[in-house]
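Trainee: There's a structure below that I have some questions on.
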Number of protein chains: 2
Amino acid sequence: MRHYPPSLIALIRQLSRLPGIGEKTATRLALHILKASDRDARALADSIHAVKEKIHFCPGCFGLTDQPLCHICNDPDRIQKLVCVVEQTDDMASIEKSGSFQGVYHVLHGTLSPMNGIGPDDIRFQELVDRVQKGNVQEVIIATSTNVEGEATAVYIVEQLSRIPVKVTRIASGVPMGGDLKFVDQVTLKCALERRYEY
Amino acid sequence: MRHYPPSLIALIRQLSRLPGIGEKTATRLALHILKASDRDARALADSIHAVKEKIHFCPGCFGLTDQPLCHICNDPDRIQKLVCVVEQTDDMASIEKSGSFQGVYHVLHGTLSPMNGIGPDDIRFQELVDRVQKGNVQEVIIATSTNVEGEATAVYIVEQLSRIPVKVTRIASGVPMGGDLKFVDQVTLKCALERRYEY
């Protein structure tokens with residue numbers, strides 16, 4: 001790598017910081033960017049800037065948006081009383097893709113993981129409690145992953161919400177145990193949503 | 001993907017245009033960039049800009065540089081009369097990594113490929129002839145790949161340079177060092193046997 005000019009090395013270093021991109025792939029990508037038209041390279045750099053400038057968390061569901069409120073929270077056709085709790089924004093995208101959910105979301109941005117020192121204060125849990133306590137929520141569907149952390153988080157949420165008069169359900173275990181939501185096929189996801197059971 | 005905000009979708013689209021990056025990987029990278037610190041994201045975008053602005057072809061060897069002349073062409077310790085012809089800048093980097101070459105380079109930026117309509121005018125071939133004709137070159141080592149296009153390009157260069165009084169050599173082909181004979185293809189083995197040298 002040291003045989004390349006400094007600014008190219010700088011780009012290779014920046015690219016290798018991305019997840020799953022090693023030095024070899026980063027070099028290939030950097031050489032591609034170098035060969036690409038000025039317009040294409042600028043478009044890539046500008047869209048990185050734009051994403052960091054425009055996108056923020058929706059104050060309703062903590063999903064990603066570039067509007068004051070995300071398009072789901074803002075949609076009058078969505079059932080605002082039905083809140084689906086997910087770990088990450090890409091889990092929300094997976095459920096949306098399945099097209100089987102008409103409610104709204106709450107993104108936790110993580111799971112409880114005492115081993116890694118992640119407690120309820122490190123995820124958007126209190127925000128969920130506040131939202132439910134306001135009384136506009138009829139049902140909370142917990143759609144965290146079915147792995148250890150996801151299950152533990154689900155159990156914790158059920159326990160904490162038991163003091164509030166709200167129906168709490170869990171997506172059906174059509175989702176394979178130990179699986180990660182974003183790798184689940186859409187039919188299974190749809191099935192898991194339809195067969196949710198009361199905790 | 002359509003469930004993400006427009007500026008995030010724009011970044012995913014830009015990233016999926018990179019070689020070997022599909023929509024899923026692009027989404028993962030975009031979400032990582034979004035989560036990264038402002039400083040890191042800006043550093044990535046800025047290095048893309050910098051690469052496009054600063055890096056150009058070295059007028060000596062057509063390698064990449066951000067200086068008037070690349071560090072190899074500019075190095076008084078390198079043997080300027082010994083020119084190694086390679087297909088691409090990354091081939092140059094591979095040879096540099098081996099640390100076994102003290103001469104300078106000439107990057108063709110491609111190989112002859114009549115099937116794809118790539119002729120001598122589409123690669124930096126005339127520039128090589130001009131350089132040799134100036135009379136400062138003693139030996140041209142052809143280090144193009146040993147595939148069909150690389151071999152055809154080597155043969156063409158030998159033919160064209162035969163009119164000029166210059167020594168033209170080709171890198172040796174044979175069994176890779178540290179390789180197991182049973183994994184070597186028959187063409188390579190045949191070549192290795194034919195070009196055997198006295199110990």
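Identifiers in this document derive from the order of the structure tokens: chains are assigned A, B, ..., residues are numbered from 1 separately in each chain, and ligands are numbered from 1 in order of occurrence.
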Tell me, as a list in words, which residues lie within 9 Å of range 123-125 of chain A, counting only C-alpha atoms; anything in the same chain fewer than 6 positions away does not count.
Mentor: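 Counting only the stated atoms, we get Phe62, His106, Val107, Leu108, His109, Gly110, Thr111, Leu112 and Ile157 of chain A.
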Trainee: Near chain B, meaning an atom within 9 Å, which residues of chain A appear when counting only C-alpha atoms? Write them as a PyMOL selection string.
Mentor: chain A and resi 1-8+10-15+18-20+25+27-38+40-55+64-67+70-71+89-90+92-94+96-97
Trainee: Could you please determine the separation between CA of Leu69 in chain B and CA of Tyr105 in chain B in Å, to one decimal place?
Mentor: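 Distance between the two atoms: 12.5 Å.
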Trainee: Once the least-squares fit of chain B onto chain A is done over all Cα atoms matched in order, how many Å of RMSD are left?
Mentor: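 Rounded to one decimal, the C-alpha RMSD is 5.5 Å.
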Trainee: In Å, with one decimal, what is the gap from CA of Leu193 in chain B to CA of Pro176 in chain B?
Mentor: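 Interatomic distance here is 13.0 Å.
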Trainee: Would you give me, as a VMD selection string, the residues in range 1-166 of chain B that DSSP reads as strand (DSSP E or B)?
Mentor: chain B and resid 56 to 57 64 to 65 79 to 86 103 to 107 113 118 139 to 142
Trainee: Based on the selection just made, write C-alpha atoms of those residues as a PDB file, in the first residue's frame.
Mentor:
```pdb
ATOM      1  CA  HIS B  56      -2.886  12.179 -11.633  1.00  0.00           C
ATOM      2  CA  PHE B  57      -0.748  10.005 -13.890  1.00  0.00           C
ATOM      3  CA  LEU B  64      -0.365   7.220  -9.887  1.00  0.00           C
ATOM      4  CA  THR B  65       1.107  10.177  -8.062  1.00  0.00           C
ATOM      5  CA  ILE B  79      18.004   2.301 -12.509  1.00  0.00           C
ATOM      6  CA  GLN B  80      16.251   4.590 -14.987  1.00  0.00           C
ATOM      7  CA  LYS B  81      17.511   2.549 -17.988  1.00  0.00           C
ATOM      8  CA  LEU B  82      15.636  -0.560 -16.847  1.00  0.00           C
ATOM      9  CA  VAL B  83      11.895  -0.270 -17.628  1.00  0.00           C
ATOM     10  CA  CYS B  84       9.353  -2.820 -16.424  1.00  0.00           C
ATOM     11  CA  VAL B  85       6.088  -2.768 -18.434  1.00  0.00           C
ATOM     12  CA  VAL B  86       2.980  -3.649 -16.414  1.00  0.00           C
ATOM     13  CA  GLY B 103      14.412  -0.201 -12.177  1.00  0.00           C
ATOM     14  CA  VAL B 104      11.458   1.988 -13.146  1.00  0.00           C
ATOM     15  CA  TYR B 105       8.030   1.220 -14.618  1.00  0.00           C
ATOM     16  CA  HIS B 106       5.750   1.859 -17.543  1.00  0.00           C
ATOM     17  CA  VAL B 107       2.038   1.317 -16.870  1.00  0.00           C
ATOM     18  CA  SER B 113      -8.049  -7.181 -26.583  1.00  0.00           C
ATOM     19  CA  ILE B 118      -9.135  -2.486 -27.380  1.00  0.00           C
ATOM     20  CA  GLU B 139      16.213  -3.022 -21.289  1.00  0.00           C
ATOM     21  CA  VAL B 140      12.423  -3.380 -21.396  1.00  0.00           C
ATOM     22  CA  ILE B 141      11.058  -6.141 -19.129  1.00  0.00           C
ATOM     23  CA  ILE B 142       7.532  -7.120 -20.174  1.00  0.00           C
TER      24      ILE B 142
END
```
Trainee: Where in chain A does DSSP assign helix (DSSP H, G or I), given as a PyMOL selection string?
Mentor: chain A and resi 6-16+23-35+38-54+89-98+114-116+120-122+125-133+148-161+181-183+186-194
Trainee: What's the separation between CA of Leu161 in chain B and CA of Ala143 in chain B, in Å to one decimal place?
Mentor: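 Spanning CA of Leu161 in chain B to CA of Ala143 in chain B is a straight-line distance of 15.0 Å.
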Trainee: From the set B:Gly99, B:Ala192, B:Val166, B:Glu87, which residue has the shortest atom-to-atom contact distance to Lys134 in chain B, counting only C-alpha atoms?
Mentor: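 Nearest to Lys134 in chain B: B:Val166.
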Trainee: For Ser145 in chain A, which of A:Val132, A:Ala172, A:Val158, A:Ile164 is the closest residue, counting only C-alpha atoms?
Mentor: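 Among the listed residues, the smallest separation from Ser145 in chain A belongs to A:Ala172.
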